[in-house]
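Shown next, in structure tokens, is the structure this report addresses.
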Amino acid sequence: ADRTRVKQILINLLSNAVKYNKVGGAVVVDCTASTAERVRISVKDTGEGLTPDQLTQLFQPFNRLGKETGSEEGTGIGLMVSKRLVELMDGEIGVESTVGVGSVFWIDLNVTGGPQHAAVATGPTAFDQTQVQEGTHLRTLLYVEDNPANLMLVEDLIARRPDIRLLSAMDGNSGVEVARASLPDVILMDINLPGISGIQALKILRADPATAHIPVVALSANAIHRDIEKGLEAGFFRYLTKPIKVNEFMDALDEALNFAYTESDRAKKGEKA
Ligand code: MN
């Protein structure tokens, strides 16, 4: 399974289990082998439970069970998105519920021996990028971003590019970790991140000989001139501001990829950059 997606799905199930619970209630997370080939992660709450009628509506678009208000922006994805993500990973999501006792939401995922691409069912999604023709030179882009909405938008944009594989990290420290482990061709970096900022993460990457050469494009809501200047001084390859403008984004990405390609070419020929 995809680590980021599983995390988003679990955050969705866990926040629901808390939100629809009773005062002094409990949430129990369990992980079992549902069959020899499948792992089941379940999230059990002690809330009011759901009627058969509510159960049938549960995974419908915009269903909010009457308790969620629109004000909790950025808290995560809905059940319908969770269902779609689980199914894109060839898994299954379900629920068992008893009125007055509580609900158990579960996801089943395939057991794998090692890293494996998700099977693609339908639709143009980020997972389509795994269907790359043999011989295509696959580039890796790492996106460090804590806002799931921005992450999903970039996933949609990158889904149009079968030559790019997208990795993601949700804070600066894990961004640095993923960069060191996967040595992406280009990094896209949010500035306001939990823990260390995008600028601090850039400095760490610059100081490490293994990652110093990777072009890092800033993508930030800080749009004032001084922030942009400061960002470029810190060593960002480009500094883009949110909201993301698709053409500008794609152009900057291509420039950074070309730069990365030229750099690796130089390195192969033993020239100095
Ligand atoms: Mn942010």
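Chain labels follow the order of the structure tokens: the first chain is A, the next B, and so on; residue numbering restarts at 1 in every chain, and ligands are counted from 1 in their shown order.
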
Cut-off 7 Å: closest chain A/ligand 1 atom pairs per residue, using only C-alpha atoms and all ligand atoms, as a Markdown table:
| residue | atom | partner | partner_atom_place_in_ligand_line | distance |
| --- | --- | --- | --- | --- |
| A:Glu145 | CA | ligand 1 | 1 (Mn) | 5.8 |
| A:Asp146 | CA | ligand 1 | 1 (Mn) | 5.0 |
| A:Asn147 | CA | ligand 1 | 1 (Mn) | 5.7 |
| A:Asp190 | CA | ligand 1 | 1 (Mn) | 5.6 |
| A:Ile191 | CA | ligand 1 | 1 (Mn) | 6.2 |
| A:Asn192 | CA | ligand 1 | 1 (Mn) | 4.3 |
| A:Leu193 | CA | ligand 1 | 1 (Mn) | 4.6 |

Residue list (alpha helix (DSSP H), DSSP) for region 3-244 of chain A, as a ChimeraX atom specification: /A:3-19,52-57,79-88,148-159,172-182,198-207,225-234

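Residues in contact range of region 98-108 of chain A, defined as at most 7 Å between only C-alpha atoms, with sequence neighbours fewer than 6 positions away removed, read Arg38, Val39, Arg40, Ile41, Ser42, Val43, Lys44, Asp45, Thr46, Gly47, Glu48, Gly49, Leu50, Thr51, Gly91 and Glu92 of chain A.
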
Neighbour list for Met189 (chain A) as number ranges by chain, cut-off 9 Å, only C-alpha atoms, skip fewer than 2 positions in-chain: A: 142-145, 172, 175, 187, 191, 198-199, 201-202, 216-220

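If you measure from each of A:Asn110, A:Ser174, A:Lys230, A:Phe249 to Glu37 (chain A) using only C-alpha atoms, the closest one turns out to be A:Asn110.
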
Near-Ile244 (chain A) list (10 Å; only C-alpha atoms; drop same-chain fewer than 2 positions) as a PyMOL selection string: chain A and resi 150+153-154+219-221+240-242+246-250

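Neighbours of Leu141 (chain A) closer than or equal to 9 Å, with only C-alpha atoms counted and sequence neighbours fewer than 2 positions away skipped, come out as Arg139, Tyr143, Ile164, Arg165, Leu166, Leu167, Ser168, Pro184, Asp185, Val186, Ile187, Leu188 and Leu257 of chain A.
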
Create the file for the chosen residues now, containing all heavy atoms and written as an mmCIF file, in the first residue's frame.
data_model
loop_
_atom_site.group_PDB
_atom_site.id
_atom_site.type_symbol
_atom_site.label_atom_id
_atom_site.label_comp_id
_atom_site.auth_asym_id
_atom_site.auth_seq_id
_atom_site.Cartn_x
_atom_site.Cartn_y
_atom_site.Cartn_z
ATOM 1 N N ARG A 139 11.441 9.889 -13.698
ATOM 2 C CA ARG A 139 12.023 10.845 -12.763
ATOM 3 C C ARG A 139 11.235 10.802 -11.468
ATOM 4 O O ARG A 139 10.049 10.507 -11.465
ATOM 5 C CB ARG A 139 11.943 12.270 -13.308
ATOM 6 C CG ARG A 139 12.257 12.386 -14.745
ATOM 7 C CD ARG A 139 13.737 12.192 -14.998
ATOM 8 N NE ARG A 139 14.039 12.682 -16.336
ATOM 9 C CZ ARG A 139 14.217 13.966 -16.590
ATOM 10 N NH1 ARG A 139 14.202 14.857 -15.643
ATOM 11 N NH2 ARG A 139 14.436 14.368 -17.818
ATOM 12 N N TYR A 143 7.458 15.721 -2.885
ATOM 13 C CA TYR A 143 6.685 16.898 -2.473
ATOM 14 C C TYR A 143 6.545 16.877 -0.950
ATOM 15 O O TYR A 143 5.989 15.943 -0.383
ATOM 16 C CB TYR A 143 5.320 16.864 -3.155
ATOM 17 C CG TYR A 143 4.445 18.086 -2.901
ATOM 18 C CD1 TYR A 143 4.988 19.308 -2.494
ATOM 19 C CD2 TYR A 143 3.073 18.019 -3.105
ATOM 20 C CE1 TYR A 143 4.184 20.413 -2.276
ATOM 21 C CE2 TYR A 143 2.257 19.128 -2.899
ATOM 22 C CZ TYR A 143 2.818 20.321 -2.488
ATOM 23 O OH TYR A 143 2.020 21.405 -2.267
ATOM 24 N N ILE A 164 6.875 10.975 -14.442
ATOM 25 C CA ILE A 164 7.242 11.405 -13.086
ATOM 26 C C ILE A 164 6.592 10.519 -12.030
ATOM 27 O O ILE A 164 5.382 10.286 -12.054
ATOM 28 C CB ILE A 164 6.841 12.881 -12.839
ATOM 29 C CG1 ILE A 164 7.531 13.788 -13.857
ATOM 30 C CG2 ILE A 164 7.206 13.306 -11.409
ATOM 31 C CD1 ILE A 164 7.089 15.234 -13.779
ATOM 32 N N ARG A 165 7.413 10.087 -11.097
ATOM 33 C CA ARG A 165 6.927 9.335 -9.946
ATOM 34 C C ARG A 165 6.900 10.292 -8.769
ATOM 35 O O ARG A 165 7.889 10.989 -8.521
ATOM 36 C CB ARG A 165 7.894 8.187 -9.665
ATOM 37 C CG ARG A 165 7.524 7.313 -8.497
ATOM 38 C CD ARG A 165 8.440 6.091 -8.474
ATOM 39 N NE ARG A 165 9.804 6.458 -8.079
ATOM 40 C CZ ARG A 165 10.398 6.023 -6.958
ATOM 41 N NH1 ARG A 165 9.754 5.230 -6.141
ATOM 42 N NH2 ARG A 165 11.622 6.387 -6.668
ATOM 43 N N LEU A 166 5.777 10.355 -8.073
ATOM 44 C CA LEU A 166 5.645 11.319 -6.981
ATOM 45 C C LEU A 166 5.769 10.638 -5.614
ATOM 46 O O LEU A 166 5.100 9.666 -5.327
ATOM 47 C CB LEU A 166 4.287 12.021 -7.074
ATOM 48 C CG LEU A 166 4.014 13.112 -6.033
ATOM 49 C CD1 LEU A 166 4.945 14.302 -6.221
ATOM 50 C CD2 LEU A 166 2.561 13.559 -6.092
ATOM 51 N N LEU A 167 6.662 11.191 -4.803
ATOM 52 C CA LEU A 167 6.759 10.770 -3.407
ATOM 53 C C LEU A 167 6.313 11.945 -2.564
ATOM 54 O O LEU A 167 6.394 13.087 -2.997
ATOM 55 C CB LEU A 167 8.204 10.421 -3.041
ATOM 56 C CG LEU A 167 8.903 9.320 -3.831
ATOM 57 C CD1 LEU A 167 10.349 9.218 -3.386
ATOM 58 C CD2 LEU A 167 8.189 7.996 -3.647
ATOM 59 N N SER A 168 5.869 11.689 -1.332
ATOM 60 C CA SER A 168 5.486 12.820 -0.505
ATOM 61 C C SER A 168 5.890 12.610 0.942
ATOM 62 O O SER A 168 6.106 11.488 1.393
ATOM 63 C CB SER A 168 3.974 13.060 -0.613
ATOM 64 O OG SER A 168 3.284 11.928 -0.157
ATOM 65 N N PRO A 184 15.552 11.978 -4.833
ATOM 66 C CA PRO A 184 14.679 12.370 -5.945
ATOM 67 C C PRO A 184 15.401 13.317 -6.911
ATOM 68 O O PRO A 184 16.404 13.920 -6.553
ATOM 69 C CB PRO A 184 13.535 13.102 -5.237
ATOM 70 C CG PRO A 184 14.126 13.608 -3.970
ATOM 71 C CD PRO A 184 15.145 12.582 -3.564
ATOM 72 N N ASP A 185 14.884 13.431 -8.133
ATOM 73 C CA ASP A 185 15.479 14.349 -9.113
ATOM 74 C C ASP A 185 15.186 15.796 -8.752
ATOM 75 O O ASP A 185 16.020 16.669 -8.952
ATOM 76 C CB ASP A 185 14.923 14.053 -10.508
ATOM 77 C CG ASP A 185 15.335 12.671 -10.980
ATOM 78 O OD1 ASP A 185 16.498 12.530 -11.392
ATOM 79 O OD2 ASP A 185 14.512 11.741 -10.903
ATOM 80 N N VAL A 186 13.957 16.019 -8.253
ATOM 81 C CA VAL A 186 13.528 17.369 -7.891
ATOM 82 C C VAL A 186 12.724 17.297 -6.595
ATOM 83 O O VAL A 186 12.025 16.312 -6.346
ATOM 84 C CB VAL A 186 12.667 18.002 -9.016
ATOM 85 C CG1 VAL A 186 12.054 19.319 -8.586
ATOM 86 C CG2 VAL A 186 13.489 18.199 -10.288
ATOM 87 N N ILE A 187 12.828 18.347 -5.780
ATOM 88 C CA ILE A 187 12.022 18.425 -4.560
ATOM 89 C C ILE A 187 11.146 19.668 -4.628
ATOM 90 O O ILE A 187 11.595 20.734 -5.040
ATOM 91 C CB ILE A 187 12.913 18.479 -3.300
ATOM 92 C CG1 ILE A 187 13.744 17.202 -3.182
ATOM 93 C CG2 ILE A 187 12.065 18.669 -2.034
ATOM 94 C CD1 ILE A 187 14.829 17.248 -2.114
ATOM 95 N N LEU A 188 9.905 19.499 -4.248
ATOM 96 C CA LEU A 188 8.958 20.595 -4.152
ATOM 97 C C LEU A 188 8.709 20.799 -2.661
ATOM 98 O O LEU A 188 8.361 19.849 -1.957
ATOM 99 C CB LEU A 188 7.677 20.159 -4.864
ATOM 100 C CG LEU A 188 6.645 21.167 -5.275
ATOM 101 C CD1 LEU A 188 7.241 22.231 -6.164
ATOM 102 C CD2 LEU A 188 5.519 20.445 -6.009
ATOM 103 N N LEU A 257 13.593 19.763 -13.660
ATOM 104 C CA LEU A 257 13.925 18.416 -14.145
ATOM 105 C C LEU A 257 15.062 18.475 -15.162
ATOM 106 O O LEU A 257 15.981 17.658 -15.134
ATOM 107 C CB LEU A 257 12.688 17.753 -14.769
ATOM 108 C CG LEU A 257 11.642 17.230 -13.786
ATOM 109 C CD1 LEU A 257 10.359 16.852 -14.527
ATOM 110 C CD2 LEU A 257 12.152 16.036 -12.995
#

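The coordinates place CA of Leu138 (chain A) at 27.7 Å from CA of Leu232 (chain A).
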
All residues 12 Å or closer to Leu79 (chain A), only C-alpha atoms, same chain fewer than 3 positions away omitted, as a ChimeraX atom specification: /A:8-17,55,57-65,76,82-86,93-95,105-107

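One finds CA of Arg160 (chain A) at 21.4 Å from CA of Asp90 (chain A).
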